[in-house]
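J.: Below is the file run37.txt, with compact mmCIF, C-alpha atoms.
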# COMPACT_ATOMS: atom_id res chain seq x y z
CA MET V 6 77.61 -41.46 35.30
CA ILE V 7 74.69 -40.90 37.68
CA VAL V 8 72.35 -43.85 38.30
CA ALA V 9 69.01 -43.03 39.93
CA LEU V 10 67.00 -45.47 42.07
CA CYS V 11 63.56 -45.20 43.68
CA SER V 12 63.87 -45.53 47.44
CA THR V 13 61.49 -45.86 50.38
CA GLY V 14 63.82 -44.09 52.82
CA PHE V 15 66.63 -41.64 53.57
CA ASP V 16 69.74 -43.74 53.02
CA ASP V 17 71.18 -46.44 50.78
CA GLN V 18 70.09 -49.16 53.24
CA ALA V 19 66.38 -48.44 52.69
CA GLU V 20 64.43 -50.76 50.40
CA LEU V 21 63.61 -49.82 46.84
CA ASP V 22 60.18 -48.29 46.27
CA SER V 23 57.63 -50.09 44.10
CA ARG V 24 56.61 -46.79 42.46
CA PHE V 25 58.53 -44.39 40.24
CA GLY V 26 56.76 -40.98 40.09
CA ARG V 27 55.45 -41.22 43.64
CA CYS V 28 58.35 -42.98 45.33
CA SER V 29 59.42 -41.61 48.71
CA HIS V 30 63.02 -40.66 47.85
CA PHE V 31 65.42 -40.74 44.94
CA LEU V 32 68.83 -42.27 45.46
CA PHE V 33 71.58 -41.07 43.11
CA PHE V 34 74.62 -43.32 42.72
CA ASP V 35 77.78 -41.80 41.26
CA THR V 36 79.61 -44.60 39.41
CA ASP V 37 82.95 -42.70 39.49
CA GLN V 38 82.93 -41.77 43.18
CA ARG V 39 81.03 -44.93 44.25
CA THR V 40 78.88 -42.76 46.53
CA PHE V 41 75.12 -42.38 47.17
CA LYS V 42 73.14 -39.17 47.57
CA THR V 43 69.46 -39.09 48.67
CA VAL V 44 66.79 -36.49 47.98
CA SER V 45 63.15 -36.62 48.98
CA ASN V 46 60.83 -36.81 45.97
CA SER V 47 58.91 -33.53 45.74
CA ALA V 48 56.76 -35.05 42.96
CA LYS V 49 55.33 -37.60 45.43
CA ASP V 50 52.24 -35.56 46.29
CA ALA V 51 51.59 -33.98 42.87
CA SER V 52 47.89 -34.15 41.98
CA GLY V 53 48.83 -35.18 38.47
CA GLY V 54 51.91 -35.51 36.31
CA ALA V 55 54.02 -36.94 39.14
CA GLY V 56 56.01 -39.00 36.64
CA ALA V 57 56.89 -35.95 34.55
CA GLN V 58 57.89 -33.95 37.62
CA ALA V 59 60.04 -36.86 38.79
CA VAL V 60 61.79 -36.90 35.40
CA GLN V 61 62.60 -33.21 35.91
CA ILE V 62 64.25 -34.07 39.25
CA LEU V 63 66.29 -36.80 37.53
CA VAL V 64 67.32 -34.32 34.81
CA ASN V 65 68.35 -31.76 37.46
CA PHE V 66 70.72 -34.31 38.99
CA GLY V 67 72.26 -35.20 35.62
CA THR V 68 70.91 -38.75 35.63
CA GLY V 69 72.01 -41.07 32.83
CA VAL V 70 70.41 -44.32 34.01
CA LEU V 71 67.25 -45.01 36.00
CA ILE V 72 66.69 -48.30 37.81
CA ALA V 73 62.99 -48.44 38.60
CA PRO V 74 59.81 -50.46 38.82
CA ASP V 75 57.54 -50.24 35.77
CA VAL V 76 57.39 -46.67 34.46
CA GLY V 77 54.17 -45.23 32.97
CA PRO V 78 53.94 -44.20 29.31
CA GLN V 79 54.16 -40.42 29.75
CA ALA V 80 57.19 -40.58 32.04
CA MET V 81 58.75 -43.15 29.70
CA ASP V 82 58.34 -40.79 26.73
CA ALA V 83 59.96 -38.01 28.75
CA LEU V 84 62.83 -40.24 29.95
CA GLN V 85 63.55 -41.35 26.39
CA ALA V 86 63.46 -37.76 25.14
CA MET V 87 65.91 -36.76 27.89
CA ASN V 88 68.25 -39.67 27.01
CA ILE V 89 67.83 -41.49 30.34
CA SER V 90 67.98 -45.29 29.99
CA VAL V 91 65.52 -47.22 32.15
CA PHE V 92 66.23 -50.63 33.70
CA ARG V 93 63.72 -52.77 35.60
CA GLN V 94 64.65 -53.45 39.23
CA GLY V 95 62.49 -56.59 39.14
CA SER V 96 62.37 -58.42 42.46
CA ILE V 97 65.54 -56.79 43.84
CA THR V 98 64.81 -54.90 47.08
CA LEU V 99 68.14 -53.29 48.08
CA PRO V 100 70.01 -50.48 46.25
CA ASP V 101 73.52 -52.02 46.30
CA LYS V 102 72.15 -55.31 44.92
CA ALA V 103 70.38 -53.38 42.13
CA ILE V 104 73.55 -51.44 41.26
CA LYS V 105 75.58 -54.67 41.18
CA ALA V 106 72.99 -56.36 38.95
CA TRP V 107 72.98 -53.37 36.59
CA GLU V 108 76.80 -53.28 36.44
CA ASN V 109 76.81 -56.99 35.59
CA HIS V 110 74.25 -56.39 32.81
CA ARG V 111 71.68 -58.53 34.58
CA LEU V 112 68.83 -55.96 34.51
CA GLU V 113 66.29 -55.80 31.70
CA GLU V 114 66.07 -52.49 29.86
CA GLN V 115 62.54 -51.03 29.63
CA GLN V 116 61.97 -49.81 26.09
CA LYS V 117 58.44 -48.52 26.28
CA ALA V 118 55.63 -48.35 28.81
CA SER V 119 54.14 -51.70 29.76
CA VAL V 120 50.67 -50.39 30.60
CA ALA V 121 48.57 -47.35 29.79
CA GLY V 122 49.26 -45.21 32.85
CA MET V 123 50.19 -46.30 36.33
CA HIS V 124 48.00 -43.98 38.46
CA ARG V 125 48.94 -45.59 41.74
CA ALA V 126 48.36 -43.74 44.97
CA MET B 22 14.96 -21.44 32.60
CA LYS B 23 18.24 -23.35 32.60
CA ALA B 24 17.90 -26.12 35.19
CA ALA B 25 20.92 -28.20 36.23
CA ILE B 26 20.05 -31.74 37.27
CA LEU B 27 22.73 -33.05 39.60
CA SER B 28 23.21 -35.49 42.43
CA GLY B 29 26.35 -35.70 44.48
CA LYS B 30 26.43 -39.49 44.52
CA GLY B 31 26.48 -41.12 41.10
CA GLY B 32 23.68 -43.46 40.07
CA THR B 33 20.87 -41.73 41.97
CA GLY B 34 18.93 -40.96 38.77
CA LYS B 35 20.09 -37.69 37.18
CA THR B 36 19.65 -39.06 33.69
CA THR B 37 16.37 -40.80 34.60
CA VAL B 38 14.88 -37.50 35.80
CA SER B 39 16.47 -35.41 33.02
CA THR B 40 15.30 -37.64 30.17
CA HIS B 41 11.78 -38.01 31.59
CA LEU B 42 11.47 -34.23 31.77
CA ALA B 43 12.85 -33.94 28.22
CA ALA B 44 10.38 -36.55 26.94
CA LEU B 45 7.36 -35.07 28.74
CA PHE B 46 8.21 -31.45 27.85
CA PRO B 47 9.46 -31.63 24.23
CA ASP B 48 9.87 -27.84 24.07
CA ALA B 49 12.83 -28.28 26.37
CA LEU B 50 16.41 -28.53 25.17
CA TYR B 51 18.12 -31.52 26.78
CA VAL B 52 21.85 -30.91 27.33
CA ASP B 53 24.10 -33.80 28.35
CA MET B 54 27.00 -32.16 30.20
CA ASP B 55 28.04 -35.42 31.86
CA VAL B 56 30.77 -35.51 29.22
CA GLU B 57 32.81 -38.26 30.85
CA GLU B 58 29.97 -40.71 30.34
CA PRO B 59 27.00 -39.15 28.58
CA ASN B 60 24.09 -41.60 28.35
CA GLY B 61 20.92 -39.55 27.85
CA ASP B 62 21.06 -40.40 24.14
CA LEU B 63 20.53 -44.08 24.98
CA PHE B 64 16.98 -43.22 26.06
CA LEU B 65 16.22 -40.23 23.83
CA ASN B 66 17.61 -41.92 20.66
CA PRO B 67 18.41 -38.73 18.75
CA GLU B 68 19.23 -38.22 15.13
CA TRP B 69 22.45 -36.22 15.14
CA ASN B 70 22.83 -33.31 12.73
CA ASP B 71 26.13 -31.88 13.83
CA ARG B 72 29.35 -33.13 15.38
CA ILE B 73 31.77 -30.40 16.44
CA PRO B 74 35.33 -31.24 17.52
CA VAL B 75 36.59 -29.53 20.68
CA SER B 76 40.32 -28.81 20.96
CA VAL B 77 42.76 -27.61 23.58
CA ILE B 78 46.21 -26.11 23.05
CA TYR B 79 49.60 -27.50 24.05
CA PRO B 80 53.10 -26.03 23.72
CA GLU B 81 55.73 -27.06 21.23
CA ILE B 82 59.30 -26.01 22.02
CA ASP B 83 61.64 -24.77 19.31
CA ASN B 84 64.91 -26.15 20.68
CA ASP B 85 66.90 -24.00 18.21
CA LYS B 86 65.59 -20.87 19.93
CA CYS B 87 65.30 -22.31 23.46
CA THR B 88 68.11 -21.33 25.85
CA HIS B 89 66.97 -23.91 28.48
CA CYS B 90 66.50 -21.19 31.05
CA ARG B 91 63.83 -23.35 32.79
CA ASN B 92 61.40 -20.45 33.17
CA CYS B 93 58.60 -22.44 31.53
CA ALA B 94 59.25 -25.62 33.55
CA ALA B 95 59.38 -23.62 36.79
CA PHE B 96 56.15 -21.80 35.87
CA CYS B 97 54.02 -24.83 34.91
CA ARG B 98 52.21 -26.10 38.01
CA PHE B 99 51.18 -29.26 36.14
CA ASN B 100 54.79 -30.16 35.30
CA ALA B 101 53.99 -30.37 31.61
CA LEU B 102 57.43 -29.04 30.66
CA ILE B 103 60.76 -30.67 31.41
CA ALA B 104 63.91 -28.58 31.02
CA GLY B 105 67.34 -30.18 30.65
CA LYS B 106 70.73 -28.63 29.97
CA ALA B 107 70.46 -29.02 26.21
CA LEU B 108 66.85 -30.06 25.62
CA THR B 109 63.45 -28.82 26.80
CA ILE B 110 60.34 -30.88 26.09
CA SER B 111 56.59 -30.54 26.63
CA MET B 112 54.14 -33.27 27.65
CA LYS B 113 50.92 -32.57 25.75
CA GLU B 114 48.76 -35.00 27.72
CA ILE B 115 49.61 -33.24 30.99
CA CYS B 116 49.27 -29.63 29.70
CA HIS B 117 46.12 -27.81 30.88
CA GLY B 118 46.36 -25.27 28.03
CA CYS B 119 46.69 -22.10 30.13
CA GLY B 120 49.15 -20.46 27.71
CA GLY B 121 51.41 -19.27 30.53
CA CYS B 122 54.66 -20.89 29.35
CA ALA B 123 54.86 -18.70 26.23
CA LEU B 124 54.39 -15.61 28.42
CA VAL B 125 57.39 -16.44 30.63
CA CYS B 126 59.61 -17.57 27.74
CA PRO B 127 62.26 -14.88 27.05
CA SER B 128 63.33 -16.49 23.76
CA ASP B 129 60.05 -16.75 21.84
CA ALA B 130 60.67 -20.50 21.61
CA ILE B 131 57.13 -21.66 22.39
CA ARG B 132 54.34 -22.11 19.85
CA TYR B 133 50.96 -23.69 20.51
CA ARG B 134 49.34 -26.50 18.58
CA GLU B 135 45.84 -27.92 19.02
CA ARG B 136 44.64 -31.39 19.80
CA ILE B 137 41.06 -32.72 19.87
CA ILE B 138 39.80 -33.95 23.26
CA GLY B 139 36.19 -34.76 22.34
CA TYR B 140 33.09 -33.79 20.41
CA VAL B 141 29.85 -31.90 20.97
CA SER B 142 26.88 -33.24 19.02
CA ARG B 143 23.56 -31.60 18.21
CA GLY B 144 20.39 -33.37 17.14
CA ILE B 145 16.68 -34.05 17.54
CA THR B 146 15.40 -36.74 19.92
CA ARG B 147 12.72 -39.26 18.98
CA PHE B 148 10.32 -37.01 20.92
CA GLY B 149 11.09 -34.22 18.46
CA SER B 150 12.94 -32.18 21.06
CA PRO B 151 16.40 -30.65 20.66
CA ILE B 152 19.43 -32.30 22.24
CA ILE B 153 23.08 -31.29 22.72
CA SER B 154 25.54 -33.84 24.05
CA GLY B 155 29.24 -33.58 24.85
CA LYS B 156 31.53 -36.59 24.84
CA MET B 157 35.11 -36.60 26.05
CA ASP B 158 37.66 -38.90 24.36
CA VAL B 159 38.96 -41.86 26.38
CA GLY B 160 42.18 -41.04 28.23
CA GLU B 161 41.57 -37.30 28.58
CA PHE B 162 41.69 -35.81 32.07
CA SER B 163 39.31 -32.85 31.93
CA GLY B 164 35.88 -32.39 30.36
CA VAL B 165 35.70 -28.70 31.28
CA PRO B 166 36.69 -27.44 27.77
CA LEU B 167 33.79 -29.49 26.31
CA ILE B 168 31.34 -28.02 28.82
CA ASP B 169 32.67 -24.51 28.18
CA ARG B 170 32.16 -25.10 24.44
CA ILE B 171 28.53 -26.16 24.99
CA ARG B 172 27.94 -23.08 27.13
CA THR B 173 29.03 -20.79 24.29
CA MET B 174 26.67 -22.49 21.81
CA ASP B 175 23.58 -20.74 20.58
CA ARG B 176 20.82 -22.00 22.88
CA THR B 177 17.61 -20.03 22.60
CA GLU B 178 15.16 -22.56 24.09
CA ALA B 179 13.18 -21.07 27.00
CA LEU B 180 13.47 -24.33 28.90
CA GLN B 181 16.78 -26.18 29.18
CA ILE B 182 17.46 -29.37 31.14
CA ILE B 183 21.17 -29.68 31.95
CA ASP B 184 22.08 -33.30 32.79
CA SER B 185 25.18 -32.63 34.92
CA PRO B 186 28.20 -34.68 36.03
CA PRO B 187 28.06 -36.36 39.45
CA GLY B 188 30.03 -35.14 42.46
CA THR B 189 31.27 -31.61 43.07
CA SER B 190 34.24 -31.59 40.71
CA CYS B 191 35.37 -28.90 38.24
CA THR B 192 33.12 -30.36 35.55
CA THR B 193 30.07 -30.18 37.84
CA VAL B 194 30.79 -26.57 38.75
CA ALA B 195 31.27 -25.74 35.04
CA ALA B 196 27.94 -27.40 34.15
CA VAL B 197 26.03 -25.58 36.90
CA GLU B 198 27.51 -22.15 36.19
CA GLY B 199 25.03 -19.92 34.40
CA CYS B 200 22.00 -22.02 35.38
CA ASP B 201 18.93 -20.46 37.02
CA LEU B 202 18.13 -23.41 39.20
CA ALA B 203 19.53 -26.73 40.35
CA VAL B 204 17.67 -29.95 41.15
CA ILE B 205 19.48 -32.48 43.30
CA VAL B 206 18.36 -36.01 42.49
CA THR B 207 19.03 -38.14 45.53
CA GLU B 208 18.00 -41.47 47.03
CA PRO B 209 17.09 -42.28 50.64
CA THR B 210 20.44 -43.85 51.59
CA PRO B 211 23.20 -42.63 53.95
CA PHE B 212 25.71 -42.68 51.06
CA ALA B 213 23.53 -40.46 48.86
CA LEU B 214 22.84 -38.10 51.78
CA SER B 215 26.56 -37.76 52.54
CA ASP B 216 27.39 -36.80 48.94
CA MET B 217 24.29 -34.62 48.65
CA LYS B 218 25.49 -32.49 51.57
CA ARG B 219 28.60 -31.57 49.56
CA THR B 220 26.40 -30.62 46.61
CA VAL B 221 24.24 -28.45 48.88
CA GLU B 222 27.39 -26.72 50.14
CA MET B 223 28.56 -26.17 46.55
CA LEU B 224 25.20 -24.73 45.45
CA ARG B 225 24.97 -22.44 48.49
CA THR B 226 28.49 -21.17 47.75
CA MET B 227 27.41 -20.53 44.15
CA LYS B 228 24.24 -18.82 45.44
CA LEU B 229 21.99 -20.89 43.18
CA PRO B 230 18.40 -21.73 44.18
CA PHE B 231 17.87 -25.48 44.42
CA ALA B 232 15.44 -28.19 45.43
CA VAL B 233 15.47 -31.96 45.77
CA VAL B 234 13.87 -34.90 43.94
CA ILE B 235 13.96 -38.22 45.76
CA ASN B 236 14.41 -41.21 43.48
CA LYS B 237 14.00 -44.82 44.61
CA ALA B 238 11.60 -43.62 47.32
CA GLY B 239 10.49 -46.43 49.63
CA MET B 240 13.92 -47.99 50.10
CA GLY B 241 16.64 -47.05 52.60
CA ASP B 242 16.00 -44.78 55.56
CA ARG B 243 14.59 -41.36 56.50
CA GLY B 244 17.94 -39.52 56.67
CA VAL B 245 17.47 -37.54 53.46
CA TYR B 246 13.94 -36.47 54.50
CA ASP B 247 15.12 -35.36 57.96
CA TYR B 248 18.03 -33.42 56.45
CA CYS B 249 15.77 -31.61 53.94
CA ARG B 250 13.34 -30.72 56.74
CA ASP B 251 16.09 -29.42 59.04
CA GLU B 252 17.75 -27.42 56.23
CA SER B 253 14.40 -26.14 54.82
CA ILE B 254 15.08 -27.70 51.40
CA ASP B 255 12.01 -28.29 49.22
CA ILE B 256 11.33 -31.81 48.00
CA LEU B 257 9.70 -31.36 44.58
CA GLY B 258 8.68 -34.95 44.06
CA GLU B 259 9.37 -38.61 44.71
CA ILE B 260 9.89 -41.42 42.22
CA PRO B 261 9.13 -44.81 43.73
CA PHE B 262 11.70 -47.61 43.96
CA SER B 263 10.31 -50.17 41.56
CA LEU B 264 11.63 -53.28 39.89
CA GLU B 265 9.49 -52.54 36.85
CA LEU B 266 11.13 -49.13 36.41
CA ALA B 267 14.62 -50.55 36.90
CA GLY B 268 13.88 -53.24 34.28
CA ALA B 269 12.64 -50.64 31.78
CA TYR B 270 15.76 -48.57 32.44
CA ALA B 271 18.04 -51.55 31.86
CA THR B 272 16.46 -52.36 28.51
CA GLY B 273 16.44 -48.72 27.38
CA VAL B 274 12.64 -48.47 27.01
CA MET B 275 12.18 -46.48 30.24
CA LEU B 276 10.59 -43.48 28.53
CA ASP B 277 7.93 -45.63 26.79
CA SER B 278 6.60 -47.11 29.99
CA VAL B 279 5.77 -44.04 32.05
CA SER B 280 2.61 -44.71 34.03
CA PRO B 281 -0.02 -41.93 34.42
CA GLN B 282 0.93 -41.62 38.12
CA LEU B 283 4.60 -41.20 37.24
CA GLN B 284 3.76 -38.66 34.51
CA LYS B 285 1.83 -36.70 37.10
CA GLU B 286 4.81 -36.81 39.48
CA TYR B 287 7.15 -35.47 36.78
CA ARG B 288 4.66 -32.68 35.97
CA LYS B 289 4.62 -31.83 39.67
CA ILE B 290 8.44 -31.73 39.63
CA MET B 291 8.49 -29.42 36.59
CA ASP B 292 5.83 -27.23 38.23
CA GLY B 293 8.00 -26.93 41.34
CA MET B 294 11.10 -26.16 39.27
CA LYS B 295 9.36 -23.37 37.36
CA ARG B 296 7.91 -21.83 40.50
CA LYS B 297 11.32 -22.02 42.18
CA ALA B 298 12.78 -20.12 39.19
CA GLY B 299 10.05 -17.47 39.51
CA MET B 300 8.11 -18.62 36.43
CA PRO B 301 4.46 -19.57 36.05
CA GLY B 302 3.89 -23.23 37.01
CA VAL B 303 2.56 -26.01 34.78
CA ALA B 304 -0.73 -27.90 34.96
CA VAL B 305 -0.20 -31.10 36.93
As structure tokens, how would this structure be written, given the file I've shared?

T.:
Amino acid sequence: MIVALCSTGFDDQAELDSRFGRCSHFLFFDTDQRTFKTVSNSAKDASGGAGAQAVQILVNFGTGVLIAPDVGPQAMDALQAMNISVFRQGSITLPDKAIKAWENHRLEEQQKASVAGMHRA
Amino acid sequence: MKAAILSGKGGTGKTTVSTHLAALFPDALYVDMDVEEPNGDLFLNPEWNDRIPVSVIYPEIDNDKCTHCRNCAAFCRFNALIAGKALTISMKEICHGCGGCALVCPSDAIRYRERIIGYVSRGITRFGSPIISGKMDVGEFSGVPLIDRIRTMDRTEALQIIDSPPGTSCTTVAAVEGCDLAVIVTEPTPFALSDMKRTVEMLRTMKLPFAVVINKAGMGDRGVYDYCRDESIDILGEIPFSLELAGAYATGVMLDSVSPQLQKEYRKIMDGMKRKAGMPGVAV
């Protein structure tokens, strides 16, 4: 199972990003290998539809679970359609803490978008 | 003569000037192309006769035919298609309706459906003059299809006042296209001058003759006047900055309280516009 996280930097020590579609990097955690892989988010500078483009990146990496800040309604629709479960990172700032919390079922699952569009720079 | 009334900065008085011209010259067709927030009807109080829905297309994927080759997702520059290993989906709110995804699909798996993004209304103002107004639905991202729809409508009036969107965005360019003349409504402030310079650049690129009307004259500074002098841009008229006018605007009775001096100024503006478009002027 691949778990995706939104990161502010290049490695698994960097803090989690407070944005989904326009986060700096995506961190992919392989639950079988217990390893991290980082890719820079090419959707970051999209003029529009960054969330949808980010979902495509997640799909390309075979993501099954996304741990993220609040996700906008369009991206949420796409994530649900692509069978990617979304969990809220809440106040957790480091990737390994977020993974641990998810593995211990301590993260809240996001069912649908909380607001009508994020549109954050 | 199709005359686009625009501004650069928002709130300088496009609708004030447009509706005054429409009220004082009832032969003119008033067209509200500021489809994101049309407000000319608040002053012209029309009776609407017609309300035409405007639609755009979006793709629907037949996942029985789709081979998930990703051609469509790779082609779409707006990322409106997401291709997985076993499922490909489209995001209708992101799609710009170009129709390209069906062209690159090798499996004939894409069909288009329509969705309404707003309405164009036609009516008669309380001054007996014709009005067309476009209004985009809340949540939509582009008013250009509405403006394009208005531009294809039968408009035979010799004089047309096009109340345009602010700024220099796609909607503004779409509203100005096909006009004979543009009038930049500005105010004597550094902010308005800064945005007006972009509008001047846009109009010069589009090779459209234009002139300036200064609203709220008497406030601010001389920057706009100096710029117009240096760039040889005609100032067709000036509307004074007045509390009385602002109050009439705020209560929606602006067009009923036009003083003889102000009427004369608007006639002068119309005279300048017609001459600029190579037509005979009007009596001031």

J.: Using only C-alpha atoms for the distances, tell me which of B:His117, B:Arg250, B:His41, B:Arg143 is nearest to chain V.

T.: B:His117

J.: Find, counting only C-alpha atoms, the residue in V:Phe33, V:Ala48, V:Ala73, V:Thr40 that gets nearest to Thr98 of chain V.

T.: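 Residue with the minimum atom-to-atom distance to Thr98 of chain V: V:Ala73.
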
J.: Sort by chain and increasing residue number a table of all residues of chain B within 7 Å of chain V, each with its closest pair of atoms and their distance in Å to one decimal, counting all atoms listed in the file, and write it as JSON lines.

T.:
{"residue": "B:Phe99", "atom": "CA", "partner": "V:Gly54", "partner_atom": "CA", "distance": 6.3}
{"residue": "B:Asn100", "atom": "CA", "partner": "V:Gln58", "partner_atom": "CA", "distance": 5.4}
{"residue": "B:Ala101", "atom": "CA", "partner": "V:Ala57", "partner_atom": "CA", "distance": 6.9}
{"residue": "B:Ile103", "atom": "CA", "partner": "V:Gln61", "partner_atom": "CA", "distance": 5.5}
{"residue": "B:Ala104", "atom": "CA", "partner": "V:Gln61", "partner_atom": "CA", "distance": 6.9}
{"residue": "B:Gly105", "atom": "CA", "partner": "V:Val64", "partner_atom": "CA", "distance": 5.9}
{"residue": "B:Ile115", "atom": "CA", "partner": "V:Gly54", "partner_atom": "CA", "distance": 6.2}

J.: Hey, can you spit out that residue selection with C-alpha atoms as a short mmCIF file (atom, residue, chain, number, x, y, z; two decimals), in the coordinates of the input?

T.:
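Result file follows (part_19.cif):
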data_model
loop_
_atom_site.label_atom_id
_atom_site.label_comp_id
_atom_site.auth_asym_id
_atom_site.auth_seq_id
_atom_site.Cartn_x
_atom_site.Cartn_y
_atom_site.Cartn_z
CA PHE B 99 51.18 -29.26 36.14
CA ASN B 100 54.79 -30.16 35.30
CA ALA B 101 53.99 -30.37 31.61
CA ILE B 103 60.76 -30.67 31.41
CA ALA B 104 63.91 -28.58 31.02
CA GLY B 105 67.34 -30.18 30.65
CA ILE B 115 49.61 -33.24 30.99
#

J.: Hey, what's within 8 Å of Val303 of chain B if we count only C-alpha atoms and toss same-chain stuff fewer than 3 positions away? As a list of chain:residue names, please?

T.: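 Within the cut-off, the hits are B:Arg288, B:Lys289, B:Met291, B:Asp292, B:Lys295.
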
J.: For Ser142 of chain B, find every residue with an atom within 8 Å (counting all atoms listed in the file), except residues of its own chain fewer than 3 positions away, and show them as a PyMOL selection string.

T.: chain B and resi 69-73+153-155

J.: Find, counting all atoms listed in the file, the residue in B:Asp255, B:Asp83, B:Asp129, B:Glu208 that gets nearest to Pro230 of chain B.

T.: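 Among the listed residues, B:Asp255 lies closest to Pro230 of chain B.
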
J.: Go through B:Ala304, B:Ile110, B:Cys126, B:Val56 one by one, measure the shortest atom-to-atom distance of each to Leu167 of chain B using only C-alpha atoms, and give the residue with the smallest value.

T.: B:Val56

J.: Grab the atom CA of Glu259 of chain B to atom CA of Gly149 of chain B distance for me, in Å with one decimal place.

T.: 26.7 Å
